[in-house]
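Containing PDB, C-alpha atoms, pLDDT in the B column: entry_22.pdb.
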```
ATOM      1  CA  MET A   1      13.084  23.638  27.339  1.00 47.00           C
ATOM      2  CA  ALA A   2      10.139  23.975  24.996  1.00 62.00           C
ATOM      3  CA  GLU A   3       6.592  23.886  26.176  1.00 81.00           C
ATOM      4  CA  VAL A   4       5.036  20.405  26.135  1.00 84.00           C
ATOM      5  CA  PHE A   5       2.812  19.723  23.135  1.00 84.00           C
ATOM      6  CA  VAL A   6      -0.853  19.319  24.005  1.00 83.00           C
ATOM      7  CA  LEU A   7      -3.107  17.925  21.308  1.00 87.00           C
ATOM      8  CA  ASP A   8      -5.920  20.366  20.484  1.00 90.00           C
ATOM      9  CA  ARG A   9      -8.075  18.258  18.206  1.00 91.00           C
ATOM     10  CA  ALA A  10     -10.768  20.944  17.887  1.00 92.00           C
ATOM     11  CA  SER A  11      -8.241  23.487  16.614  1.00 90.00           C
ATOM     12  CA  ILE A  12      -6.764  21.015  14.161  1.00 92.00           C
ATOM     13  CA  LEU A  13     -10.200  20.037  12.889  1.00 92.00           C
ATOM     14  CA  GLU A  14     -11.128  23.684  12.467  1.00 91.00           C
ATOM     15  CA  ARG A  15      -7.972  24.210  10.387  1.00 86.00           C
ATOM     16  CA  LEU A  16      -9.053  21.211   8.266  1.00 89.00           C
ATOM     17  CA  GLY A  17     -12.605  22.457   7.699  1.00 92.00           C
ATOM     18  CA  ASP A  18     -14.050  20.181  10.416  1.00 94.00           C
ATOM     19  CA  ASP A  19     -13.537  17.203   8.143  1.00 95.00           C
ATOM     20  CA  GLU A  20     -12.918  14.085  10.268  1.00 95.00           C
ATOM     21  CA  ASP A  21     -11.824  12.030   7.256  1.00 96.00           C
ATOM     22  CA  ILE A  22      -9.131  14.552   6.341  1.00 95.00           C
ATOM     23  CA  TYR A  23      -8.053  14.691   9.983  1.00 94.00           C
ATOM     24  CA  GLU A  24      -7.648  10.921  10.156  1.00 95.00           C
ATOM     25  CA  MET A  25      -5.791  10.872   6.841  1.00 96.00           C
ATOM     26  CA  MET A  26      -3.430  13.665   7.969  1.00 94.00           C
ATOM     27  CA  VAL A  27      -2.709  11.918  11.266  1.00 95.00           C
ATOM     28  CA  GLU A  28      -2.005   8.647   9.467  1.00 96.00           C
ATOM     29  CA  MET A  29       0.326  10.359   7.000  1.00 96.00           C
ATOM     30  CA  TYR A  30       2.133  12.200   9.797  1.00 96.00           C
ATOM     31  CA  LEU A  31       2.650   9.013  11.776  1.00 97.00           C
ATOM     32  CA  GLU A  32       3.889   7.132   8.704  1.00 97.00           C
ATOM     33  CA  ASP A  33       6.320   9.915   7.753  1.00 96.00           C
ATOM     34  CA  VAL A  34       7.664  11.137  11.100  1.00 97.00           C
ATOM     35  CA  GLY A  35      10.655   8.810  10.956  1.00 97.00           C
ATOM     36  CA  ASN A  36      11.471   9.980   7.435  1.00 97.00           C
ATOM     37  CA  ASN A  37      11.151  13.612   8.489  1.00 97.00           C
ATOM     38  CA  CYS A  38      13.543  13.073  11.396  1.00 98.00           C
ATOM     39  CA  ALA A  39      15.992  11.240   9.122  1.00 98.00           C
ATOM     40  CA  ALA A  40      15.794  13.993   6.502  1.00 97.00           C
ATOM     41  CA  LEU A  41      16.645  16.630   9.108  1.00 97.00           C
ATOM     42  CA  SER A  42      19.659  14.579  10.230  1.00 97.00           C
ATOM     43  CA  ALA A  43      20.833  13.960   6.687  1.00 97.00           C
ATOM     44  CA  ALA A  44      20.511  17.635   5.794  1.00 96.00           C
ATOM     45  CA  PHE A  45      22.477  18.699   8.856  1.00 97.00           C
ATOM     46  CA  ASP A  46      25.094  15.990   8.431  1.00 96.00           C
ATOM     47  CA  SER A  47      25.616  16.934   4.785  1.00 95.00           C
ATOM     48  CA  GLY A  48      26.455  20.498   5.775  1.00 94.00           C
ATOM     49  CA  ASP A  49      24.124  21.781   3.058  1.00 95.00           C
ATOM     50  CA  ALA A  50      22.348  24.798   4.505  1.00 96.00           C
ATOM     51  CA  SER A  51      19.814  25.032   1.671  1.00 96.00           C
ATOM     52  CA  VAL A  52      18.710  21.420   2.202  1.00 96.00           C
ATOM     53  CA  LEU A  53      18.422  21.980   5.954  1.00 97.00           C
ATOM     54  CA  GLN A  54      16.407  25.130   5.288  1.00 97.00           C
ATOM     55  CA  ARG A  55      14.022  23.186   3.046  1.00 97.00           C
ATOM     56  CA  GLU A  56      13.605  20.348   5.549  1.00 97.00           C
ATOM     57  CA  ALA A  57      12.949  22.797   8.388  1.00 97.00           C
ATOM     58  CA  HIS A  58      10.343  24.523   6.203  1.00 97.00           C
ATOM     59  CA  THR A  59       8.611  21.190   5.559  1.00 96.00           C
ATOM     60  CA  VAL A  60       8.565  20.365   9.266  1.00 97.00           C
ATOM     61  CA  LYS A  61       7.227  23.829  10.073  1.00 97.00           C
ATOM     62  CA  GLY A  62       4.242  23.194   7.801  1.00 95.00           C
ATOM     63  CA  LEU A  63       3.548  19.842   9.401  1.00 94.00           C
ATOM     64  CA  LEU A  64       3.621  21.287  12.889  1.00 95.00           C
ATOM     65  CA  VAL A  65       1.393  24.209  11.912  1.00 93.00           C
ATOM     66  CA  THR A  66      -1.131  21.699  10.547  1.00 91.00           C
ATOM     67  CA  PHE A  67      -1.285  20.070  13.970  1.00 92.00           C
ATOM     68  CA  SER A  68      -1.592  23.391  15.837  1.00 89.00           C
ATOM     69  CA  ASP A  69       1.885  23.192  17.375  1.00 93.00           C
ATOM     70  CA  ALA A  70       2.840  26.853  17.509  1.00 91.00           C
ATOM     71  CA  VAL A  71       5.919  26.213  19.662  1.00 93.00           C
ATOM     72  CA  GLY A  72       7.317  23.481  17.412  1.00 94.00           C
ATOM     73  CA  ALA A  73       6.514  25.493  14.288  1.00 95.00           C
ATOM     74  CA  ALA A  74       8.356  28.485  15.771  1.00 96.00           C
ATOM     75  CA  ASP A  75      11.387  26.285  16.481  1.00 96.00           C
ATOM     76  CA  ALA A  76      11.291  25.001  12.889  1.00 97.00           C
ATOM     77  CA  HIS A  77      10.949  28.572  11.605  1.00 97.00           C
ATOM     78  CA  ASP A  78      13.984  29.649  13.631  1.00 96.00           C
ATOM     79  CA  LEU A  79      16.022  26.749  12.257  1.00 97.00           C
ATOM     80  CA  GLU A  80      14.857  27.567   8.740  1.00 96.00           C
ATOM     81  CA  GLN A  81      15.887  31.211   9.080  1.00 96.00           C
ATOM     82  CA  ILE A  82      19.310  30.412  10.521  1.00 95.00           C
ATOM     83  CA  ALA A  83      19.956  27.851   7.776  1.00 96.00           C
ATOM     84  CA  ARG A  84      18.950  30.481   5.229  1.00 95.00           C
ATOM     85  CA  GLN A  85      21.961  32.488   6.421  1.00 94.00           C
ATOM     86  CA  GLY A  86      24.185  29.585   5.384  1.00 92.00           C
ATOM     87  CA  GLU A  87      25.986  28.769   8.629  1.00 84.00           C
ATOM     88  CA  ILE A  88      24.704  25.525  10.141  1.00 92.00           C
ATOM     89  CA  ALA A  89      27.739  24.277  12.088  1.00 90.00           C
ATOM     90  CA  GLY A  90      26.238  25.024  15.520  1.00 92.00           C
ATOM     91  CA  LEU A  91      22.712  23.793  14.839  1.00 95.00           C
ATOM     92  CA  GLY A  92      23.009  20.200  16.060  1.00 95.00           C
ATOM     93  CA  ASP A  93      21.024  20.837  19.240  1.00 95.00           C
ATOM     94  CA  ALA A  94      18.317  22.679  17.305  1.00 96.00           C
ATOM     95  CA  VAL A  95      18.009  19.784  14.846  1.00 97.00           C
ATOM     96  CA  SER A  96      17.848  17.259  17.698  1.00 97.00           C
ATOM     97  CA  GLY A  97      15.267  19.351  19.515  1.00 95.00           C
ATOM     98  CA  LEU A  98      13.093  19.586  16.429  1.00 97.00           C
ATOM     99  CA  GLN A  99      13.315  15.840  15.905  1.00 97.00           C
ATOM    100  CA  GLN A 100      12.254  15.315  19.508  1.00 96.00           C
ATOM    101  CA  ARG A 101       9.325  17.672  18.968  1.00 95.00           C
ATOM    102  CA  LEU A 102       8.223  15.724  15.885  1.00 97.00           C
ATOM    103  CA  ARG A 103       8.248  12.520  17.937  1.00 96.00           C
ATOM    104  CA  GLU A 104       6.366  14.184  20.799  1.00 95.00           C
ATOM    105  CA  VAL A 105       3.625  15.314  18.415  1.00 95.00           C
ATOM    106  CA  ALA A 106       3.505  11.793  16.953  1.00 96.00           C
ATOM    107  CA  ALA A 107       3.047  10.323  20.421  1.00 95.00           C
ATOM    108  CA  ALA A 108       0.210  12.747  21.187  1.00 94.00           C
ATOM    109  CA  LEU A 109      -1.486  12.016  17.857  1.00 94.00           C
ATOM    110  CA  SER A 110      -1.160   8.280  18.443  1.00 93.00           C
ATOM    111  CA  ALA A 111      -2.699   8.591  21.908  1.00 91.00           C
ATOM    112  CA  GLY A 112      -5.406  11.057  20.896  1.00 77.00           C
TER     113      GLY A 112
END
```
In structure tokens, write the structure found in this file.
Amino acid sequence: MAEVFVLDRASILERLGDDEDIYEMMVEMYLEDVGNNCAALSAAFDSGDASVLQREAHTVKGLLVTFSDAVGAADAHDLEQIARQGEIAGLGDAVSGLQQRLREVAAALSAG
């Protein structure tokens, strides 16, 4: 099981140039889009299209890096790399785990 996400606001702010307005905007955008990101991962996996799954995993990786989630970003990177190889049949658990991670980050951002 992956390490629990802990919100590190200072690290995130540093990544965003210590700009509180950008931080608030990024959090708002993340929270508005998390459902769409989870749905896009499911749709990509369900379609069987490895290139689409690779692209969605890459997008999620960037989001998680923005919010200083090294563990989640590593999981997204792994999914991206496996999808790049073209065989996605056994990736259902990885997709579900990444969706759960996205929701966990959303919960922490909402609370923090």
Report task. Using the chain letters and numbers from the file, give me the residues hit by the PyMOL selection byres ((chain A and resi 30-44) around 10), as a PyMOL selection string. Result -> chain A and resi 24-29+45-57+59-60+63-64+67+88+92+95-96+98-103+105-107+109-110
Keeping only C-alpha atoms, write the selected residues as a PDB file, keeping the file's coordinate frame.
```pdb
ATOM      1  CA  GLU A  24      -7.648  10.921  10.156  1.00 95.00           C
ATOM      2  CA  MET A  25      -5.791  10.872   6.841  1.00 96.00           C
ATOM      3  CA  MET A  26      -3.430  13.665   7.969  1.00 94.00           C
ATOM      4  CA  VAL A  27      -2.709  11.918  11.266  1.00 95.00           C
ATOM      5  CA  GLU A  28      -2.005   8.647   9.467  1.00 96.00           C
ATOM      6  CA  MET A  29       0.326  10.359   7.000  1.00 96.00           C
ATOM      7  CA  PHE A  45      22.477  18.699   8.856  1.00 97.00           C
ATOM      8  CA  ASP A  46      25.094  15.990   8.431  1.00 96.00           C
ATOM      9  CA  SER A  47      25.616  16.934   4.785  1.00 95.00           C
ATOM     10  CA  GLY A  48      26.455  20.498   5.775  1.00 94.00           C
ATOM     11  CA  ASP A  49      24.124  21.781   3.058  1.00 95.00           C
ATOM     12  CA  ALA A  50      22.348  24.798   4.505  1.00 96.00           C
ATOM     13  CA  SER A  51      19.814  25.032   1.671  1.00 96.00           C
ATOM     14  CA  VAL A  52      18.710  21.420   2.202  1.00 96.00           C
ATOM     15  CA  LEU A  53      18.422  21.980   5.954  1.00 97.00           C
ATOM     16  CA  GLN A  54      16.407  25.130   5.288  1.00 97.00           C
ATOM     17  CA  ARG A  55      14.022  23.186   3.046  1.00 97.00           C
ATOM     18  CA  GLU A  56      13.605  20.348   5.549  1.00 97.00           C
ATOM     19  CA  ALA A  57      12.949  22.797   8.388  1.00 97.00           C
ATOM     20  CA  THR A  59       8.611  21.190   5.559  1.00 96.00           C
ATOM     21  CA  VAL A  60       8.565  20.365   9.266  1.00 97.00           C
ATOM     22  CA  LEU A  63       3.548  19.842   9.401  1.00 94.00           C
ATOM     23  CA  LEU A  64       3.621  21.287  12.889  1.00 95.00           C
ATOM     24  CA  PHE A  67      -1.285  20.070  13.970  1.00 92.00           C
ATOM     25  CA  ILE A  88      24.704  25.525  10.141  1.00 92.00           C
ATOM     26  CA  GLY A  92      23.009  20.200  16.060  1.00 95.00           C
ATOM     27  CA  VAL A  95      18.009  19.784  14.846  1.00 97.00           C
ATOM     28  CA  SER A  96      17.848  17.259  17.698  1.00 97.00           C
ATOM     29  CA  LEU A  98      13.093  19.586  16.429  1.00 97.00           C
ATOM     30  CA  GLN A  99      13.315  15.840  15.905  1.00 97.00           C
ATOM     31  CA  GLN A 100      12.254  15.315  19.508  1.00 96.00           C
ATOM     32  CA  ARG A 101       9.325  17.672  18.968  1.00 95.00           C
ATOM     33  CA  LEU A 102       8.223  15.724  15.885  1.00 97.00           C
ATOM     34  CA  ARG A 103       8.248  12.520  17.937  1.00 96.00           C
ATOM     35  CA  VAL A 105       3.625  15.314  18.415  1.00 95.00           C
ATOM     36  CA  ALA A 106       3.505  11.793  16.953  1.00 96.00           C
ATOM     37  CA  ALA A 107       3.047  10.323  20.421  1.00 95.00           C
ATOM     38  CA  LEU A 109      -1.486  12.016  17.857  1.00 94.00           C
ATOM     39  CA  SER A 110      -1.160   8.280  18.443  1.00 93.00           C
TER      40      SER A 110
END
```
Quick one: axis-aligned box around all listed atoms of stretch 74-86 of chain A, 6 Å on every side, centre and edge lengths in Å to one decimal, written as JSON.
```
{"center_x": 16.3, "center_y": 28.7, "center_z": 10.9, "size_x": 27.8, "size_y": 19.5, "size_z": 23.3}
```
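Straight-line separation from atom CA of A:Asp93 to atom CA of A:Arg9: 29.2 Å.
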Query raised in the report: What does the distance between atom CA of A:Val6 and atom CA of A:Ala83 come to in Å, to one decimal place?
Result: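 Pair atom CA of A:Val6 / atom CA of A:Ala83 returns 27.7 Å.
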Please identify all polymer residues within 10 Å of A:Val4, counting all atoms listed in the file, omitting same-chain residues fewer than 3 positions from it, and present them as a PDB file with C-alpha atoms, in the coordinates of the input.
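Final output, saved to result.pdb:
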```pdb
ATOM      1  CA  MET A   1      13.084  23.638  27.339  1.00 47.00           C
ATOM      2  CA  LEU A   7      -3.107  17.925  21.308  1.00 87.00           C
ATOM      3  CA  ASP A  69       1.885  23.192  17.375  1.00 93.00           C
ATOM      4  CA  VAL A  71       5.919  26.213  19.662  1.00 93.00           C
ATOM      5  CA  GLY A  72       7.317  23.481  17.412  1.00 94.00           C
ATOM      6  CA  ARG A 101       9.325  17.672  18.968  1.00 95.00           C
ATOM      7  CA  GLU A 104       6.366  14.184  20.799  1.00 95.00           C
ATOM      8  CA  VAL A 105       3.625  15.314  18.415  1.00 95.00           C
TER       9      VAL A 105
END
```
Query raised in the report: Just how far from atom CA of A:Gly90 is atom CA of A:Asp75, in Å to one decimal?
Result: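 Between these atoms lies a distance of 14.9 Å.
Here the question is which of A:Gly97, A:Ala76, A:Thr66, A:Glu87 gets nearest to A:Gly17 using all atoms listed in the file, and that residue is A:Thr66.
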Query raised in the report: Which residues, written as a PyMOL selection string, have at least one atom at most 7 Å from A:His77, with all atoms listed in the file counted and residues fewer than 2 positions away on the same chain left out?
Result: chain A and resi 57-58+61+73-75+79-81
